[in-house]
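Below is start-v4.cif, which holds mmCIF, C-alpha atoms.
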data_coords
loop_
_atom_site.label_atom_id
_atom_site.label_comp_id
_atom_site.auth_asym_id
_atom_site.auth_seq_id
_atom_site.Cartn_x
_atom_site.Cartn_y
_atom_site.Cartn_z
CA MET A 1 -2.13 -14.25 51.23
CA LYS A 2 -3.66 -10.81 50.64
CA GLN A 3 -2.03 -10.65 47.23
CA PHE A 4 -3.44 -14.06 46.34
CA LEU A 5 -6.97 -12.99 47.35
CA TYR A 6 -6.57 -9.80 45.31
CA LEU A 7 -5.68 -11.85 42.24
CA LEU A 8 -8.70 -14.09 42.80
CA LEU A 9 -10.95 -11.04 42.89
CA LEU A 10 -9.39 -9.71 39.69
CA LEU A 11 -9.59 -12.99 37.80
CA PRO A 12 -13.28 -12.79 36.68
CA ALA A 13 -12.73 -9.28 35.28
CA MET A 14 -9.56 -10.41 33.46
CA ILE A 15 -11.34 -13.41 31.94
CA TRP A 16 -14.32 -11.27 30.87
CA SER A 17 -12.01 -8.69 29.33
CA GLN A 18 -10.10 -11.31 27.36
CA SER A 19 -13.34 -12.91 26.18
CA ASN A 20 -14.63 -9.52 25.05
CA PHE A 21 -11.35 -8.87 23.19
CA ASP A 22 -11.49 -12.26 21.44
CA LYS A 23 -15.05 -11.60 20.25
CA ALA A 24 -14.09 -8.16 18.93
CA GLU A 25 -11.01 -9.56 17.21
CA LYS A 26 -13.13 -12.25 15.52
CA LEU A 27 -15.58 -9.60 14.29
CA PHE A 28 -12.67 -7.54 12.93
CA LYS A 29 -11.31 -10.52 10.98
CA GLU A 30 -14.79 -11.08 9.55
CA GLY A 31 -14.86 -7.49 8.32
CA LYS A 32 -17.61 -6.46 10.77
CA TYR A 33 -15.80 -3.29 11.72
CA SER A 34 -18.65 -1.39 13.39
CA GLN A 35 -19.39 -4.25 15.78
CA ALA A 36 -15.70 -4.86 16.37
CA GLU A 37 -15.21 -1.20 17.23
CA GLU A 38 -17.86 -1.42 19.95
CA GLY A 39 -16.12 -4.46 21.39
CA PHE A 40 -12.67 -2.86 21.46
CA LEU A 41 -14.06 0.36 23.00
CA SER A 42 -15.60 -1.81 25.70
CA CYS A 43 -12.18 -3.36 26.30
CA LEU A 44 -10.68 0.10 26.77
CA LYS A 45 -13.23 0.95 29.46
CA ASN A 46 -11.81 -1.88 31.55
CA ASN A 47 -8.20 -1.37 30.48
CA PRO A 48 -7.44 2.07 28.98
CA ASN A 49 -3.86 0.95 28.25
CA ASP A 50 -4.78 -2.08 26.15
CA LEU A 51 -2.40 -1.37 23.26
CA LYS A 52 -3.73 -4.16 21.06
CA ALA A 53 -7.30 -2.84 21.37
CA ILE A 54 -6.07 0.68 20.57
CA GLU A 55 -4.22 -0.65 17.51
CA TYR A 56 -7.34 -2.41 16.25
CA LEU A 57 -9.36 0.78 16.75
CA GLY A 58 -6.77 2.64 14.68
CA ASP A 59 -7.00 -0.03 11.99
CA ILE A 60 -10.80 0.24 11.95
CA ALA A 61 -10.58 4.02 11.63
CA GLY A 62 -8.18 3.49 8.72
CA GLN A 63 -10.60 1.08 7.05
CA ASN A 64 -13.26 3.79 7.36
CA LYS A 65 -10.82 6.42 6.01
CA ASP A 66 -11.26 8.41 9.22
CA TRP A 67 -7.65 9.54 9.20
CA ASP A 68 -7.91 11.95 12.14
CA LYS A 69 -9.20 9.19 14.39
CA ALA A 70 -6.61 6.70 13.09
CA ILE A 71 -3.81 9.24 13.70
CA SER A 72 -5.07 9.79 17.25
CA TYR A 73 -5.02 6.07 18.07
CA TYR A 74 -1.63 5.43 16.46
CA LYS A 75 -0.15 8.46 18.20
CA LYS A 76 -1.20 6.97 21.54
CA LEU A 77 0.54 3.75 20.58
CA LYS A 78 3.86 5.30 19.58
CA VAL A 79 3.90 7.45 22.71
CA SER A 80 3.02 4.49 24.95
CA LYS A 81 5.56 2.17 23.36
CA PRO A 82 8.20 4.15 21.41
CA SER A 83 10.25 1.03 20.74
CA GLU A 84 7.62 -0.56 18.46
CA ALA A 85 8.41 0.02 14.76
CA ASN A 86 4.94 -0.87 13.51
CA TYR A 87 3.31 1.89 15.54
CA PHE A 88 5.45 4.52 13.80
CA TYR A 89 4.75 2.90 10.42
CA LYS A 90 0.99 2.98 10.96
CA TYR A 91 1.08 6.53 12.30
CA GLY A 92 3.08 7.67 9.27
CA GLY A 93 0.70 5.87 6.94
CA ALA A 94 -2.42 7.46 8.42
CA LEU A 95 -0.77 10.88 8.41
CA GLY A 96 0.26 10.35 4.79
CA MET A 97 -3.29 9.49 3.78
CA LYS A 98 -4.57 12.61 5.51
CA ALA A 99 -1.95 14.68 3.68
CA LYS A 100 -3.05 13.14 0.39
CA ASP A 101 -6.64 14.31 0.99
CA ALA A 102 -5.63 17.75 2.30
CA ASN A 103 -5.00 20.90 0.28
CA LYS A 104 -1.45 21.29 -1.01
CA PHE A 105 -0.39 23.95 1.49
CA ARG A 106 -1.55 21.90 4.48
CA ALA A 107 -0.11 18.69 3.06
CA LEU A 108 3.35 20.22 2.79
CA GLY A 109 3.37 20.77 6.53
CA MET A 110 2.80 17.05 7.13
CA ILE A 111 5.33 15.53 4.73
CA ASP A 112 8.37 15.75 7.00
CA GLU A 113 6.56 14.00 9.85
CA VAL A 114 5.37 11.28 7.47
CA LYS A 115 8.94 10.68 6.31
CA THR A 116 10.43 10.70 9.78
CA SER A 117 7.79 8.26 11.03
CA PHE A 118 8.71 5.71 8.35
CA GLU A 119 12.42 6.34 8.92
CA LYS A 120 11.93 5.82 12.66
CA ALA A 121 10.21 2.49 11.97
CA ILE A 122 13.24 1.40 9.94
CA ALA A 123 15.64 2.61 12.65
CA LEU A 124 13.74 0.53 15.21
CA ASN A 125 13.45 -2.47 12.90
CA PRO A 126 16.09 -2.48 10.13
CA LYS A 127 14.19 -5.26 8.35
CA HIS A 128 10.90 -3.32 8.17
CA ILE A 129 9.76 -3.90 4.59
CA ASP A 130 6.47 -1.97 4.58
CA SER A 131 8.12 1.30 5.66
CA ARG A 132 10.52 1.11 2.74
CA TRP A 133 7.63 0.53 0.34
CA ALA A 134 5.88 3.56 1.85
CA LEU A 135 8.97 5.75 1.43
CA ILE A 136 9.36 4.61 -2.18
CA GLU A 137 5.77 5.63 -2.89
CA LEU A 138 6.28 8.94 -1.14
CA TYR A 139 9.47 9.84 -2.99
CA ILE A 140 8.17 9.01 -6.46
CA GLN A 141 4.87 10.83 -6.00
CA LEU A 142 6.17 14.01 -4.40
CA PRO A 143 7.28 16.76 -6.80
CA GLY A 144 11.03 17.38 -6.64
CA ILE A 145 10.53 20.90 -5.32
CA VAL A 146 9.00 19.53 -2.07
CA GLY A 147 11.31 16.58 -1.56
CA GLY A 148 10.44 14.05 -4.23
CA SER A 149 13.42 12.04 -5.38
CA GLU A 150 13.69 9.08 -7.71
CA SER A 151 17.23 8.39 -6.49
CA LYS A 152 16.00 8.08 -2.89
CA ALA A 153 13.20 5.79 -4.02
CA ILE A 154 15.77 3.60 -5.77
CA LYS A 155 17.90 3.61 -2.61
CA TYR A 156 15.06 2.06 -0.61
CA SER A 157 14.30 -0.33 -3.47
CA ASN A 158 17.91 -1.52 -3.32
CA GLU A 159 17.56 -2.02 0.43
CA LEU A 160 14.46 -4.12 -0.20
CA LEU A 161 16.40 -6.17 -2.73
CA ARG A 162 18.86 -7.15 -0.01
CA LEU A 163 16.12 -7.93 2.50
CA SER A 164 13.63 -9.60 0.16
CA PRO A 165 14.55 -10.06 -3.53
CA VAL A 166 10.88 -10.30 -4.56
CA ASP A 167 10.05 -6.97 -2.92
CA GLY A 168 13.23 -5.49 -4.36
CA TYR A 169 12.36 -6.39 -7.96
CA LEU A 170 8.67 -5.51 -7.52
CA SER A 171 9.50 -2.11 -6.04
CA ARG A 172 12.01 -1.33 -8.80
CA GLY A 173 9.44 -2.42 -11.37
CA HIS A 174 6.93 -0.10 -9.72
CA ILE A 175 9.35 2.82 -9.96
CA GLU A 176 10.08 2.11 -13.62
CA GLU A 177 6.37 1.77 -14.37
CA TYR A 178 5.55 5.03 -12.56
CA PHE A 179 8.03 6.91 -14.76
CA LYS A 180 6.65 5.17 -17.87
CA ARG A 181 9.77 3.13 -18.59
CA TYR A 182 7.65 0.13 -19.34
CA LYS A 183 10.32 -2.12 -20.89
CA ASN A 184 12.47 -1.67 -17.80
CA ALA A 185 9.48 -2.41 -15.57
CA GLU A 186 8.82 -5.58 -17.56
CA VAL A 187 12.37 -6.79 -16.87
CA GLN A 188 12.00 -6.17 -13.13
CA TYR A 189 8.62 -7.91 -12.85
CA LYS A 190 10.00 -10.92 -14.72
CA LYS A 191 12.87 -11.09 -12.22
CA ALA A 192 10.32 -11.00 -9.39
CA ILE A 193 8.55 -13.96 -10.97
CA GLN A 194 11.82 -15.85 -11.32
CA VAL A 195 12.89 -15.43 -7.70
CA GLY A 196 9.50 -15.79 -6.02
CA GLY A 197 6.73 -16.77 -8.38
CA SER A 198 4.18 -15.00 -6.20
CA LYS A 199 0.67 -14.21 -7.43
CA THR A 200 1.42 -10.49 -7.01
CA SER A 201 4.42 -10.75 -9.36
CA TYR A 202 2.35 -12.33 -12.11
CA GLN A 203 -0.48 -9.85 -11.58
CA LYS A 204 1.87 -6.85 -11.79
CA LEU A 205 3.37 -8.07 -15.06
CA ALA A 206 -0.07 -8.90 -16.50
CA SER A 207 -1.38 -5.47 -15.51
CA LEU A 208 1.64 -3.81 -17.14
CA TYR A 209 1.02 -5.68 -20.40
CA LYS A 210 -2.71 -5.01 -20.43
CA ASN A 211 -2.96 -1.44 -19.14
CA LYS A 212 0.33 0.20 -20.09
CA MET A 213 1.88 -1.72 -22.98
CA ARG A 214 -1.44 -2.52 -24.66
CA GLU A 215 -0.60 -6.19 -25.09
CA PRO A 216 -3.66 -8.01 -23.72
CA GLU A 217 -2.64 -11.37 -25.17
CA LYS A 218 0.61 -11.31 -23.21
CA ALA A 219 -1.34 -10.41 -20.09
CA LYS A 220 -3.66 -13.36 -20.66
CA THR A 221 -0.73 -15.73 -21.20
CA ILE A 222 0.96 -14.60 -17.98
CA LEU A 223 -2.17 -15.20 -15.90
CA GLU A 224 -2.72 -18.58 -17.55
CA THR A 225 0.87 -19.51 -16.75
CA TYR A 226 0.30 -18.68 -13.10
CA SER A 227 -2.94 -20.70 -13.01
CA SER A 228 -1.28 -23.73 -14.58
CA LYS A 229 1.56 -23.61 -12.03
CA GLN A 230 -0.98 -23.64 -9.21
CA GLN A 231 -2.53 -26.82 -10.62
CA ASP A 232 0.81 -28.70 -10.92
#
Before anything else, please render the file you have as structure tokens.
Amino acid sequence: MKQFLYLLLLLPAMIWSQSNFDKAEKLFKEGKYSQAEEGFLSCLKNNPNDLKAIEYLGDIAGQNKDWDKAISYYKKLKVSKPSEANYFYKYGGALGMKAKDANKFRALGMIDEVKTSFEKAIALNPKHIDSRWALIELYIQLPGIVGGSESKAIKYSNELLRLSPVDGYLSRGHIEEYFKRYKNAEVQYKKAIQVGGSKTSYQKLASLYKNKMREPEKAKTILETYSSKQQD
């Protein structure tokens, strides 16, 4: 009986907290990040362990490019729930963005933790696509002397190919484009179109034609092809 009465006393606070969260979430989805942040901070006052509110606050900090704050929120998440792959992915991403903005010497000290965060996300969720994309980007952009490796980037691209053919072909196209092998990139983007036909696939090929291969007419044709398929 006492337990029942205790739950009745808690119920109004629980309902208010959920209502407050829903309002903040709606504001976030509308892109009203400052107002959403206030709402989620209010949620934390009532429930400091509200992981979803903490995640949203990290996402808002990321939107504002406040990487230190984003790292702090995501670190809380991965410590609180070390079995959640996405928390490690987001932590690694925020840390990577901070490293990108930092001086070279300081950035070098962060690279290993960025890598291990993405690798941990994959270990926790072997089908984690975004972490593989992040590692591909990391390995192609880092100089070889500090751990950059095209072969490792291709390894993760091949893993993507097995998990999601569209992501596999798009990621391999991205690698080829980064190293200025534009004909090879063209082949990969065309394969992505064949297997998925996504808007992104058409846009990547059109961008390659227009900005790298200097063939604006081909770019225009590709985008027109996509538009016509949407109207069928």
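Distance annotation: of A:Tyr74, A:Phe40, A:Phe21, A:Phe105, the residue with the minimal separation from Tyr91 in chain A is A:Tyr74; atom set is only C-alpha atoms.
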I need the residue nearest Thr116 in chain A from this list: A:Gly168, A:Pro143, A:Gly58, A:Gly96. Use only C-alpha atoms for the distance. A:Gly96
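Between Thr225 in chain A and the candidates A:Asn158, A:Leu57, A:Leu77, A:Ala206, the tightest atom-to-atom separation, counting all atoms listed in the file, involves A:Ala206.
Non-sequential neighbours of range 128-140 of chain A (distance at most 7 Å, separation of 5 or more positions within a chain, all atoms listed in the file) are Tyr89, Lys115, Phe118, Ala121, Ile122, Gly148, Ser149, Glu150, Lys152, Ala153, Tyr156 and Leu160 of chain A.
Here the PyMOL selection byres ((chain A and resi 185) around 10) catches exactly these residues: Tyr169, Leu170, Ser171, Arg172, Gly173, His174, Ile175, Glu176, Glu177, Tyr178, Phe179, Lys180, Arg181, Tyr182, Lys183, Asn184, Glu186, Val187, Gln188, Tyr189, Lys190, Lys191, Lys204, Leu205 and Leu208 of chain A.
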